[in-house]
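Structure file my_file19.txt; described as compact mmCIF, C-alpha atoms and all ligand atoms.
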```txt
# COMPACT_ATOMS: atom_id res chain seq x y z
CA MET V 15 16.51 -24.25 4.61
CA PHE V 16 14.53 -21.00 5.11
CA LYS V 17 11.02 -20.98 6.55
CA VAL V 18 8.31 -18.55 5.42
CA LYS V 19 4.95 -18.35 7.14
CA THR V 20 2.00 -17.06 5.12
CA PHE V 21 -1.21 -15.33 6.19
CA ASN V 22 -4.17 -14.72 3.85
CA GLN V 23 -4.57 -16.25 0.44
CA ILE V 24 -1.36 -15.60 -1.48
CA SER V 25 -1.36 -16.07 -5.27
CA VAL V 26 0.10 -19.43 -6.29
CA LYS V 27 2.32 -17.60 -8.79
CA GLY V 28 4.06 -15.95 -5.84
CA LEU V 29 4.31 -19.12 -3.78
CA GLU V 30 5.86 -20.92 -6.75
CA ARG V 31 8.81 -18.50 -6.69
CA PHE V 32 10.24 -20.22 -3.61
CA PRO V 33 12.50 -23.14 -4.59
CA ARG V 34 11.17 -26.09 -2.58
CA ALA V 35 14.68 -27.42 -1.94
CA GLU V 36 15.58 -24.24 -0.05
CA TYR V 37 12.27 -22.98 1.34
CA GLU V 38 9.52 -24.36 3.51
CA VAL V 39 6.45 -22.17 2.92
CA GLY V 40 3.00 -22.43 4.46
CA SER V 41 0.43 -21.11 6.90
CA ASP V 42 1.36 -23.49 9.73
CA ILE V 43 5.13 -23.00 9.85
CA ASN V 44 6.85 -22.70 13.24
CA HIS V 45 9.89 -20.45 13.83
CA PRO V 46 9.81 -18.74 10.41
CA GLU V 47 12.49 -16.28 9.29
CA GLY V 48 10.04 -14.60 6.92
CA ILE V 49 6.36 -13.67 6.93
CA LEU V 50 4.36 -13.20 3.72
CA LEU V 51 0.90 -11.68 4.07
CA ARG V 52 -1.78 -9.40 2.67
CA SER V 53 -4.24 -7.58 4.95
CA HIS V 54 -3.93 -9.83 8.04
CA LYS V 55 -3.44 -7.61 11.12
CA LEU V 56 -0.18 -8.29 12.92
CA HIS V 57 -0.76 -5.83 15.74
CA ASN V 58 -2.09 -8.48 18.11
CA GLU V 59 0.15 -11.28 16.87
CA VAL V 60 3.17 -12.34 18.95
CA LEU V 61 5.93 -12.76 16.38
CA PRO V 62 8.49 -15.47 17.14
CA GLU V 63 12.07 -14.29 17.77
CA SER V 64 13.09 -16.10 14.57
CA VAL V 65 11.36 -13.54 12.29
CA LEU V 66 13.78 -11.37 10.32
CA CYS V 67 11.47 -9.89 7.68
CA VAL V 68 7.83 -9.34 6.75
CA ALA V 69 6.60 -8.85 3.19
CA ARG V 70 3.22 -7.25 2.56
CA ALA V 71 1.88 -8.35 -0.83
CA GLY V 72 0.19 -5.00 -1.40
CA ALA V 73 0.67 -1.29 -0.80
CA GLY V 74 -0.83 -0.43 2.60
CA VAL V 75 1.18 -1.43 5.68
CA ASN V 76 -1.21 -0.17 8.36
CA ASN V 77 -1.79 -3.83 9.37
CA ILE V 78 1.85 -4.04 10.55
CA PRO V 79 3.27 -2.50 13.77
CA LEU V 80 6.13 -0.78 11.98
CA GLU V 81 7.67 1.09 14.90
CA ASP V 82 7.90 -2.01 17.04
CA TYR V 83 9.33 -4.14 14.23
CA THR V 84 11.92 -1.49 13.33
CA LYS V 85 13.15 -1.49 16.93
CA ARG V 86 13.48 -5.28 16.69
CA GLY V 87 15.40 -5.00 13.41
CA ILE V 88 12.63 -6.68 11.40
CA VAL V 89 12.68 -5.47 7.81
CA VAL V 90 9.21 -4.79 6.37
CA PHE V 91 8.60 -4.76 2.61
CA ASN V 92 5.63 -3.78 0.47
CA THR V 93 5.04 -3.98 -3.29
CA PRO V 94 4.74 -0.41 -4.59
CA GLY V 95 2.63 -0.04 -7.71
CA ALA V 96 2.00 -3.77 -8.12
CA ASN V 97 -1.76 -3.42 -7.69
CA ALA V 98 -2.15 0.21 -8.83
CA ASN V 99 -3.79 -0.62 -12.15
CA ALA V 100 -6.45 -2.76 -10.45
CA VAL V 101 -7.36 0.09 -8.11
CA LYS V 102 -7.35 2.60 -10.98
CA GLU V 103 -9.85 0.48 -12.90
CA LEU V 104 -12.16 0.19 -9.89
CA VAL V 105 -11.96 3.95 -9.40
CA LEU V 106 -13.19 4.26 -13.00
CA ALA V 107 -16.12 2.01 -12.08
CA GLY V 108 -16.70 4.17 -8.99
CA LEU V 109 -16.74 7.36 -11.08
CA LEU V 110 -19.25 5.88 -13.52
CA LEU V 111 -21.43 4.41 -10.77
CA GLY V 112 -21.38 7.80 -9.08
CA SER V 113 -22.33 9.74 -12.19
CA ARG V 114 -24.97 7.55 -13.87
CA GLY V 115 -28.03 5.74 -12.59
CA VAL V 116 -26.45 2.35 -13.28
CA LEU V 117 -27.12 0.61 -9.96
CA THR V 118 -30.58 2.08 -9.36
CA GLY V 119 -31.49 1.42 -13.00
CA ILE V 120 -30.42 -2.23 -12.78
CA GLU V 121 -32.25 -2.61 -9.49
CA TYR V 122 -35.42 -1.19 -11.08
CA VAL V 123 -35.21 -3.54 -14.07
CA GLN V 124 -34.74 -6.54 -11.75
CA SER V 125 -37.89 -5.53 -9.83
CA LEU V 126 -40.13 -6.01 -12.88
CA THR V 127 -40.47 -9.77 -12.58
CA HIS V 128 -44.28 -9.43 -12.53
CA LEU V 129 -44.26 -8.27 -16.18
CA LYS V 130 -44.52 -11.09 -18.72
CA ASP V 131 -44.86 -9.08 -21.94
CA ALA V 132 -41.66 -7.68 -23.53
CA ALA V 133 -43.48 -4.86 -25.36
CA GLU V 134 -45.17 -3.76 -22.16
CA MET V 135 -41.82 -3.87 -20.33
CA GLY V 136 -40.14 -1.81 -23.07
CA LYS V 137 -42.85 0.85 -22.91
CA LEU V 138 -42.61 1.11 -19.14
CA LEU V 139 -38.80 1.35 -19.18
CA GLU V 140 -38.86 4.12 -21.79
CA ALA V 141 -41.29 6.05 -19.62
CA GLU V 142 -39.32 5.51 -16.41
CA LYS V 143 -35.71 5.86 -17.60
CA LYS V 144 -35.57 9.59 -16.92
CA ARG V 145 -35.33 8.66 -13.21
CA PHE V 146 -31.91 7.08 -13.88
CA ALA V 147 -30.35 9.80 -16.01
CA GLY V 148 -26.92 11.08 -15.00
CA LYS V 149 -24.10 13.41 -15.92
CA GLU V 150 -21.04 12.81 -18.07
CA LEU V 151 -17.57 12.74 -16.58
CA TYR V 152 -16.22 14.65 -19.59
CA GLY V 153 -15.59 18.27 -18.66
CA SER V 154 -16.05 17.79 -14.92
CA THR V 155 -13.21 18.14 -12.39
CA LEU V 156 -11.55 15.31 -10.51
CA GLY V 157 -9.55 16.09 -7.36
CA VAL V 158 -6.87 13.48 -6.61
CA VAL V 159 -5.56 13.46 -3.04
CA GLY V 160 -2.24 11.57 -2.99
CA LEU V 161 -0.40 11.37 -6.31
CA GLY V 162 1.70 8.23 -5.82
CA ALA V 163 1.44 4.97 -7.76
CA ILE V 164 -2.38 4.86 -7.80
CA GLY V 165 -3.16 8.59 -7.75
CA SER V 166 -0.97 9.31 -10.78
CA MET V 167 -2.58 6.49 -12.81
CA VAL V 168 -6.05 7.72 -11.84
CA ALA V 169 -5.08 11.27 -12.86
CA GLU V 170 -3.87 10.07 -16.26
CA MET V 171 -7.02 8.02 -16.80
CA ALA V 172 -9.27 10.97 -15.89
CA LEU V 173 -7.44 13.25 -18.34
CA ALA V 174 -7.97 10.62 -21.05
CA LEU V 175 -11.72 10.71 -20.22
CA GLY V 176 -11.72 14.47 -20.83
CA MET V 177 -11.91 15.43 -17.15
CA LYS V 178 -9.97 18.32 -15.64
CA VAL V 179 -7.66 17.09 -12.88
CA VAL V 180 -6.48 18.93 -9.78
CA GLY V 181 -4.12 17.22 -7.33
CA TYR V 182 -2.84 17.61 -3.78
CA ASP V 183 0.18 15.81 -2.35
CA PRO V 184 2.42 17.67 0.12
CA ALA V 185 4.91 14.78 0.26
CA LEU V 186 5.20 13.99 -3.46
CA SER V 187 8.44 12.14 -4.26
CA VAL V 188 10.63 13.28 -7.15
CA GLU V 189 10.00 9.95 -8.88
CA ALA V 190 6.22 10.37 -8.55
CA ALA V 191 6.43 13.97 -9.79
CA TRP V 192 8.18 12.74 -12.98
CA ARG V 193 5.34 10.24 -13.55
CA LEU V 194 2.64 12.85 -13.22
CA PRO V 195 1.00 14.30 -16.36
CA SER V 196 1.81 18.02 -16.64
CA ARG V 197 -1.89 18.84 -17.09
CA VAL V 198 -2.60 17.96 -13.46
CA GLU V 199 -3.12 21.28 -11.69
CA ARG V 200 -1.38 21.45 -8.33
CA MET V 201 -3.46 22.53 -5.32
CA GLU V 202 -1.72 24.18 -2.37
CA ASN V 203 -3.98 22.57 0.21
CA LEU V 204 -6.79 20.06 0.66
CA GLN V 205 -9.44 22.77 1.14
CA SER V 206 -8.71 24.31 -2.29
CA LEU V 207 -8.99 20.90 -3.91
CA LEU V 208 -12.27 20.09 -2.15
CA SER V 209 -13.83 23.40 -3.18
CA ARG V 210 -12.88 22.87 -6.86
CA ALA V 211 -13.63 19.20 -7.51
CA ASP V 212 -16.87 17.55 -8.67
CA TYR V 213 -15.30 14.19 -7.79
CA VAL V 214 -12.67 13.69 -5.08
CA THR V 215 -10.65 10.49 -4.94
CA LEU V 216 -8.34 9.56 -2.04
CA HIS V 217 -5.05 7.73 -2.61
CA VAL V 218 -3.02 8.37 0.55
CA PRO V 219 -1.64 5.79 2.98
CA ALA V 220 -3.27 5.33 6.39
CA LEU V 221 -0.84 7.11 8.71
CA GLU V 222 -1.28 9.11 11.88
CA ALA V 223 -1.18 12.27 9.73
CA THR V 224 -3.91 11.04 7.35
CA THR V 225 -6.29 9.58 9.95
CA GLY V 226 -9.58 11.46 9.64
CA LEU V 227 -8.19 13.61 6.79
CA ILE V 228 -11.77 13.90 5.57
CA ASN V 229 -13.71 15.11 8.60
CA HIS V 230 -16.38 17.53 9.77
CA ASP V 231 -14.10 20.55 9.21
CA THR V 232 -12.58 19.61 5.86
CA LEU V 233 -16.01 18.65 4.51
CA LYS V 234 -17.09 22.28 5.03
CA SER V 235 -15.02 23.05 1.89
CA ILE V 236 -16.62 20.39 -0.29
CA LYS V 237 -18.34 21.55 -3.47
CA PRO V 238 -22.09 20.96 -2.99
CA GLY V 239 -23.13 17.64 -4.53
CA ALA V 240 -19.55 16.40 -5.03
CA ARG V 241 -18.85 12.67 -5.08
CA LEU V 242 -16.21 11.37 -2.68
CA LEU V 243 -14.36 8.16 -3.56
CA ASN V 244 -12.33 6.28 -0.95
CA PHE V 245 -10.37 3.33 -2.26
CA ALA V 246 -7.51 4.06 0.16
CA ARG V 247 -8.41 3.11 3.77
CA ASP V 248 -11.33 3.42 6.18
CA ALA V 249 -9.32 5.42 8.75
CA ILE V 250 -8.73 8.29 6.30
CA VAL V 251 -12.42 9.22 6.27
CA ASP V 252 -14.55 9.96 9.31
CA SER V 253 -17.77 8.18 8.26
CA THR V 254 -19.97 10.02 10.76
CA SER V 255 -18.95 13.34 9.18
CA VAL V 256 -19.58 11.88 5.72
CA VAL V 257 -23.12 10.86 6.70
CA GLU V 258 -23.69 14.33 8.20
CA SER V 259 -22.47 15.94 4.97
CA LEU V 260 -24.61 13.62 2.80
CA ASN V 261 -27.65 14.64 4.87
CA ALA V 262 -26.90 18.36 4.54
CA ASP V 263 -28.39 20.51 1.72
CA GLN V 264 -25.04 21.82 0.52
CA GLY V 265 -22.96 18.78 1.40
CA LEU V 266 -21.64 15.71 -0.39
CA GLY V 267 -23.78 14.18 -3.13
CA MET V 268 -22.45 10.64 -2.86
CA TYR V 269 -19.85 8.51 -1.07
CA ILE V 270 -18.29 5.62 -3.00
CA CYS V 271 -15.90 3.46 -1.00
CA ASP V 272 -14.14 0.14 -0.60
CA PHE V 273 -14.68 0.14 3.19
CA PRO V 274 -18.29 -0.38 4.28
CA GLU V 275 -19.44 0.41 7.83
CA PRO V 276 -22.86 -0.27 9.36
CA GLN V 277 -23.91 3.39 9.29
CA LEU V 278 -23.23 3.54 5.52
CA LEU V 279 -25.64 0.76 4.59
CA GLU V 280 -29.16 1.17 3.20
CA ARG V 281 -28.43 4.61 1.78
CA LYS V 282 -29.06 5.48 -1.86
CA ASP V 283 -26.19 7.97 -1.74
CA VAL V 284 -23.56 5.43 -0.66
CA ILE V 285 -21.97 2.76 -2.84
CA ALA V 286 -19.81 0.49 -0.70
CA MET V 287 -17.68 -2.39 -1.92
CA PRO V 288 -16.01 -5.14 0.17
CA HIS V 289 -12.33 -4.02 -0.13
CA ILE V 290 -11.91 -5.36 -3.66
CA GLY V 291 -9.70 -2.59 -5.07
CA ALA V 292 -6.76 -4.94 -5.51
CA SER V 293 -8.77 -8.12 -6.01
CA THR V 294 -7.83 -9.03 -9.56
CA ALA V 295 -5.84 -12.08 -10.59
CA GLU V 296 -3.23 -9.80 -12.15
CA ALA V 297 -2.76 -7.58 -9.09
CA GLU V 298 -2.64 -10.54 -6.69
CA GLU V 299 -0.01 -12.22 -8.85
CA ASN V 300 2.08 -9.06 -9.28
CA CYS V 301 2.05 -8.38 -5.54
CA ALA V 302 2.81 -11.97 -4.51
CA ILE V 303 5.68 -12.32 -7.00
CA MET V 304 7.25 -9.00 -6.00
CA ALA V 305 6.88 -9.75 -2.28
CA ALA V 306 8.31 -13.28 -2.63
CA ASP V 307 11.31 -12.07 -4.67
CA GLN V 308 12.09 -9.32 -2.16
CA LEU V 309 11.87 -11.76 0.76
CA MET V 310 14.22 -14.26 -0.92
CA GLU V 311 16.76 -11.59 -1.89
CA PHE V 312 16.87 -10.45 1.73
CA LEU V 313 16.99 -13.92 3.27
CA GLN V 314 19.67 -15.22 0.91
CA ASN V 315 21.79 -12.13 0.23
CA GLY V 316 20.74 -9.54 2.81
CA ASN V 317 19.83 -7.02 0.09
CA ILE V 318 16.85 -4.75 0.74
CA LYS V 319 14.46 -3.49 -1.94
CA ASN V 320 11.13 -1.71 -1.35
CA SER V 321 11.29 -1.71 2.41
CA VAL V 322 9.04 0.73 4.27
CA ASN V 323 11.24 0.89 7.38
CA PHE V 324 14.83 0.06 6.31
CA PRO V 325 17.11 1.72 3.76
CA ALA V 326 17.46 0.28 0.26
CA VAL V 327 20.73 -1.67 0.05
CA ASN V 328 22.04 -3.73 -2.84
CA MET V 329 25.59 -5.08 -2.81
CA PRO V 330 26.66 -7.86 -5.21
CA ARG V 331 28.19 -10.88 -3.42
CA ALA V 332 31.99 -10.87 -3.43
CA GLU V 333 33.11 -14.20 -4.84
CA GLY V 334 34.14 -16.83 -2.30
CA CYS V 335 33.25 -14.57 0.64
CA CYS V 336 31.01 -14.98 3.63
CA ARG V 337 28.45 -12.21 4.19
CA ILE V 338 27.71 -10.61 7.57
CA THR V 339 24.79 -8.21 7.91
CA PHE V 340 23.80 -6.24 10.96
CA SER V 341 21.33 -3.55 11.88
CA ASN V 342 21.90 -1.00 14.59
CA ASP V 343 20.50 2.15 16.17
CA ASN V 344 21.48 5.05 13.95
CA VAL V 345 24.09 6.58 16.30
CA SER V 346 27.76 7.28 15.68
CA GLY V 347 30.56 4.82 16.39
CA VAL V 348 28.75 1.50 15.92
CA LEU V 349 30.30 0.61 12.56
CA GLY V 350 33.76 1.56 13.85
CA ASN V 351 33.36 -0.71 16.88
CA VAL V 352 32.23 -3.60 14.67
CA LEU V 353 35.13 -3.11 12.27
CA SER V 354 37.63 -3.06 15.10
CA ILE V 355 36.43 -6.54 16.16
CA PHE V 356 37.26 -7.77 12.66
CA THR V 357 40.65 -6.02 12.77
CA ASP V 358 41.47 -7.49 16.20
CA ASN V 359 40.63 -10.98 14.90
CA ASN V 360 42.45 -10.65 11.55
CA VAL V 361 39.21 -10.94 9.54
CA ASN V 362 39.67 -9.25 6.15
CA VAL V 363 36.65 -7.18 4.98
CA VAL V 364 36.52 -7.35 1.16
CA ASP V 365 33.51 -5.11 0.54
CA MET V 366 30.99 -3.26 2.66
CA MET V 367 27.96 -0.98 2.61
CA ASN V 368 26.35 1.11 5.34
CA LYS V 369 23.02 2.95 4.98
CA SER V 370 20.64 4.55 7.42
CA ARG V 371 16.97 5.49 7.51
CA GLY V 372 15.51 7.39 10.43
CA ASP V 373 16.53 5.76 13.68
CA VAL V 374 17.94 2.62 12.13
CA ALA V 375 21.08 1.72 10.14
CA TYR V 376 21.82 -1.40 8.12
CA ASN V 377 25.18 -2.80 7.07
CA ILE V 378 26.50 -5.50 4.75
CA LEU V 379 30.08 -6.76 5.00
CA ASP V 380 31.66 -9.41 2.79
CA VAL V 381 34.56 -11.06 4.63
CA GLU V 382 37.22 -13.40 3.31
CA ALA V 383 36.61 -16.26 5.73
CA MET V 384 33.66 -17.31 7.89
CA PRO V 385 34.18 -15.72 11.35
CA ASN V 386 33.92 -18.15 14.27
CA ASP V 387 31.05 -18.09 16.80
CA THR V 388 33.11 -16.13 19.35
CA ILE V 389 33.61 -13.27 16.89
CA ILE V 390 29.91 -13.27 15.95
CA ASP V 391 29.02 -13.18 19.67
CA GLN V 392 31.32 -10.19 20.12
CA LEU V 393 29.54 -8.40 17.24
CA ARG V 394 26.16 -9.06 18.91
CA GLN V 395 27.47 -7.53 22.15
CA VAL V 396 28.46 -4.19 20.52
CA GLU V 397 26.38 -1.41 22.03
CA HIS V 398 23.45 -0.35 19.74
CA VAL V 399 23.72 -3.41 17.50
CA ILE V 400 20.17 -4.78 17.09
CA ASN V 401 20.81 -8.02 15.22
CA VAL V 402 23.54 -9.83 13.30
CA ARG V 403 23.19 -12.38 10.50
CA VAL V 404 25.79 -14.66 8.95
CA LEU V 405 25.02 -15.67 5.37
CA ALA V 406 26.85 -18.59 3.89
CA GLU V 407 29.04 -18.17 0.83
CA ALA V 408 26.86 -17.55 -2.28
N1 LIG V 501 -8.65 -0.62 -1.96
C1 LIG V 501 -7.57 -1.38 -2.07
O1 LIG V 501 -7.66 -2.59 -2.18
C2 LIG V 501 -6.21 -0.75 -2.10
C3 LIG V 501 -5.23 -1.27 -2.96
C4 LIG V 501 -3.97 -0.67 -2.99
C5 LIG V 501 -3.71 0.42 -2.16
N2 LIG V 501 -4.67 0.88 -1.33
C6 LIG V 501 -4.41 2.03 -0.44
O2 LIG V 501 -3.99 3.12 -1.24
C7 LIG V 501 -2.88 3.75 -0.62
C8 LIG V 501 -2.04 4.44 -1.68
O3 LIG V 501 -1.43 3.47 -2.51
P1 LIG V 501 -0.27 3.85 -3.55
O4 LIG V 501 0.20 2.56 -4.11
O5 LIG V 501 -0.71 4.93 -4.46
O6 LIG V 501 0.83 4.44 -2.53
P2 LIG V 501 2.00 5.46 -2.82
O7 LIG V 501 2.90 5.40 -1.63
O8 LIG V 501 2.60 5.22 -4.16
O9 LIG V 501 1.29 6.88 -2.85
C9 LIG V 501 0.77 7.54 -1.74
C10 LIG V 501 0.90 9.03 -1.95
O10 LIG V 501 0.20 9.71 -0.91
C11 LIG V 501 0.93 10.88 -0.61
N3 LIG V 501 0.53 11.44 0.68
C12 LIG V 501 0.94 11.07 1.92
N4 LIG V 501 0.33 11.83 2.86
C13 LIG V 501 -0.50 12.69 2.18
C14 LIG V 501 -1.41 13.70 2.59
N5 LIG V 501 -1.59 14.01 3.87
N6 LIG V 501 -2.10 14.38 1.63
C15 LIG V 501 -1.92 14.09 0.30
N7 LIG V 501 -1.05 13.14 -0.13
C16 LIG V 501 -0.37 12.44 0.79
C17 LIG V 501 2.38 10.43 -0.67
O11 LIG V 501 3.27 11.54 -0.82
C18 LIG V 501 2.36 9.52 -1.89
O12 LIG V 501 2.68 10.25 -3.08
C19 LIG V 501 -2.17 2.60 0.11
O13 LIG V 501 -1.39 3.07 1.19
C20 LIG V 501 -3.30 1.73 0.57
O14 LIG V 501 -3.73 2.10 1.85
C21 LIG V 501 -5.91 0.33 -1.28
O1 LIG V 502 -4.47 -7.63 -0.25
C1 LIG V 502 -5.55 -7.12 -0.55
O2 LIG V 502 -6.51 -7.74 -0.94
C2 LIG V 502 -5.74 -5.61 -0.44
C3 LIG V 502 -4.49 -4.84 -0.68
C4 LIG V 502 -4.65 -3.36 -0.61
O3 LIG V 502 -5.50 -2.92 0.38
C5 LIG V 502 -3.30 -2.70 -0.50
O4 LIG V 502 -3.09 -1.87 0.38
O5 LIG V 502 -2.46 -3.01 -1.36
```
Once more with this new file: its structure as structure tokens, please.
Amino acid sequence: MFKVKTFNQISVKGLERFPRAEYEVGSDINHPEGILLRSHKLHNEVLPESVLCVARAGAGVNNIPLEDYTKRGIVVFNTPGANANAVKELVLAGLLLGSRGVLTGIEYVQSLTHLKDAAEMGKLLEAEKKRFAGKELYGSTLGVVGLGAIGSMVAEMALALGMKVVGYDPALSVEAAWRLPSRVERMENLQSLLSRADYVTLHVPALEATTGLINHDTLKSIKPGARLLNFARDAIVDSTSVVESLNADQGLGMYICDFPEPQLLERKDVIAMPHIGASTAEAEENCAIMAADQLMEFLQNGNIKNSVNFPAVNMPRAEGCCRITFSNDNVSGVLGNVLSIFTDNNVNVVDMMNKSRGDVAYNILDVEAMPNDTIIDQLRQVEHVINVRVLAEA
């Protein structure tokens, strides 16, 4: 029986993936092997020794202490692309709210409760509507910072709306580059993008390198009156600099974000939403299902898909064999030392795989017969081995 502890509200569709005969799943589980969560911050959480893997039902993993977990051999997964469409659609709402007097217009209409005559109301609205006029998106330029799962979908949508699209992504993967429409014009640096775009939308992960990416200095390049959209993370934008730029004559025209802060409230030039970019039934289901499937595949077979700290590994189970997996510091000689323990104990290795990522390596070995506890203890003692698992015959 595997145990999975959940944090946050996880879509029922995802929870239903776990066969009840083999999994105990819930928010009050002790000694879990797996953790399934959304935005809950794990930085201050003491994880039990039993935890082998953490699955983030979502894209951003800045709520997880990755470095620490990697050292402990804990595999962390996310669900790339599973909520990208939801974010893309909210970015569309953000673009429209930033270009037309929708919110102020609605607010004005709602303030007219003192009027009881429809004709009188109609006359007044016709006279006042010029105050809520806007600009069309068609023909204007959108700058997309970060062209991964969300950024590429946003770029495609903007092209379909008749916008020009410029993009900046110094770490673009080959896979993401293939997805990208050829009409997206590549910018060499952030400054060039900021000086060209009427609308700038951020779709980068919150990393050390992206913290405060939009700051006092970078905002000097912004096109006067441009609208900045942040549906990525709060840490990527320095809000004090945004307020300063909004207050300046030649600065930002509007800030539209999913991450409100006290200093952003009660401003007509800020539209702030309560982190609802991925809050659709479809996105929550997609993320929960993908996260649950990845957790189960790892717990049952040791295979790793969509990890953010371990290499991708997928080895079919050799029939009738027992599976041993181990992770180790990525230094030479560890695999050889492990294999010599099998040789010394006459354990036949039928199939094996060894992959590394950064400072960590991960190995799967299918062996003919279940090694005894003494052999497993010997494996655990090998220098630089972080953890060892024995998976029963499939
Ligand atoms: N508002 C929400 O509810 C919500 C929902 C989903 C994702 N997000 C946020 O959006 C982020 C992006 O999601 P995604 O699914 O597109 O991720 P992704 O990994 O597919 O794409 C991120 C892209 O950013 C690029 N990048 C990294 N550093 C960069 C930099 N300094 N400048 C420009 N580009 C850079 C990467 O190369 C990658 O192509 C997530 O990490 C998460 O923080 C927010
Ligand atoms: O789980 C959520 O509601 C938000 C998820 C989103 O911020 C993400 O990074 O995928």
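Each of V:Gln308, V:Ser64, V:Asn315, V:Gln23 was checked against ligand LIG 502 (chain V) using all atoms listed in the file; the smallest atom-to-atom distance is that of V:Gln23.
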Kindly list the centre and edge lengths in Å, rounded to one decimal, for the axis-aligned box that covers all listed atoms of stretch 315-333 of chain V plus 3 Å on each of its six sides, as lines of an AutoDock Vina configuration file.
```
center_x = 21.1
center_y = -6.2
center_z = 1.1
size_x = 30.1
size_y = 21.9
size_z = 18.6
```
Sorted by chain and rising residue number, which residues of stretch 28-76 of chain V lie within 12 Å of stretch 292-297 of chain V, and what are their closest atom pairs and distances in Å to one decimal, counting only C-alpha atoms, as a tab-separated table?
```
residue	atom	partner	partner_atom	distance
V:Gly28	CA	V:Ala297	CA	11.3
V:Arg52	CA	V:Ala292	CA	10.6
V:Ser53	CA	V:Ala292	CA	11.1
V:Ala71	CA	V:Ala297	CA	9.5
V:Gly72	CA	V:Ala292	CA	8.1
V:Ala73	CA	V:Ala292	CA	9.5
V:Gly74	CA	V:Ala292	CA	11.0
```
Identify, counting all atoms listed in the file, the protein, DNA and RNA residues located within 6 Å of ligand LIG 501 (chain V), and give them as a PyMOL selection string. chain V and resi 73-74+94-95+97-98+101+159-165+182-186+217-220+224+245-247+272+289-292
Pull the neighbourhood of (-24.2, 5.9, -16.6) for me: all residues within 8 Å in file coordinates, counting only C-alpha atoms, as number ranges by chain. V: 110-111, 113-116, 147-150
If we count only C-alpha atoms and set the cut-off at 7 Å, which residues sit around V:Gly112, ignoring sequence neighbours fewer than 3 positions away in its own chain? Please answer as a PDB file with C-alpha atoms, in the coordinates of the input.
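What landed in part-v8.pdb:
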```
ATOM      1  CA  GLY V 108     -16.700   4.170  -8.990  1.00  0.00           C
ATOM      2  CA  LEU V 109     -16.740   7.360 -11.080  1.00  0.00           C
ATOM      3  CA  ARG V 241     -18.850  12.670  -5.080  1.00  0.00           C
ATOM      4  CA  MET V 268     -22.450  10.640  -2.860  1.00  0.00           C
TER       5      MET V 268
END
```
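Taking all atoms listed in the file into account, V:Tyr37 lies nearest to V:Gln314 out of the set V:Asn362, V:Gln277, V:Gln314, V:Asn386.
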Nearest-residue call for ligand LIG 502 (chain V), choices V:Leu66, V:Ala305, V:Ile236, V:Val180, using all atoms listed in the file: V:Ala305
Got a sec to check which residues sit within 8 Å of (4.2, -23.2, 7.7), counting all atoms listed in the file, and write them as a ChimeraX atom specification? /V:17-20,38-44,46
Could you pull the residues within 10 Å of V:Glu407, counting only C-alpha atoms, minus those fewer than 6 positions along the same chain, as a list of chain:residue names?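 Close residues of V:Glu407: V:Gln314, V:Asn315, V:Arg331, V:Ala332, V:Glu333, V:Gly334, V:Cys335, V:Cys336, V:Arg337, V:Asp380, V:Val381, V:Glu382, V:Ala383, V:Met384.
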What lies within 8 Å of V:Arg86 using all atoms listed in the file, ignoring chain neighbours under 2 positions off, as a list of chain:residue names?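 Listed by chain and then number, they are V:Asp82, V:Tyr83, V:Thr84, V:Ile88, V:Ile400, V:Asn401.
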Atom CA of V:Met310 to atom CA of V:Leu61 measures 19.2 Å
Among listed residues V:Ala141, V:Ser25, V:Glu30, V:Gly181, nearest V:Glu202 (using only C-alpha atoms):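 Closest residue, counting only C-alpha atoms: V:Gly181.
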For V:Tyr269: contacts at 7 Å, only C-alpha atoms, fewer than 4 positions along chain excluded, given as number ranges by chain: V: 241-243, 283-285
I'd like to know which of V:Phe16, V:Phe32, V:Tyr213, V:Phe273 is closest to ligand LIG 502 (chain V), using only C-alpha atoms and all ligand atoms. V:Phe273
Can you tell me, as a PyMOL selection string, what residues are no more than 7 Å from V:Asn320 when counting only C-alpha atoms, ignoring any on the same chain fewer than 4 positions away? chain V and resi 91-93+326
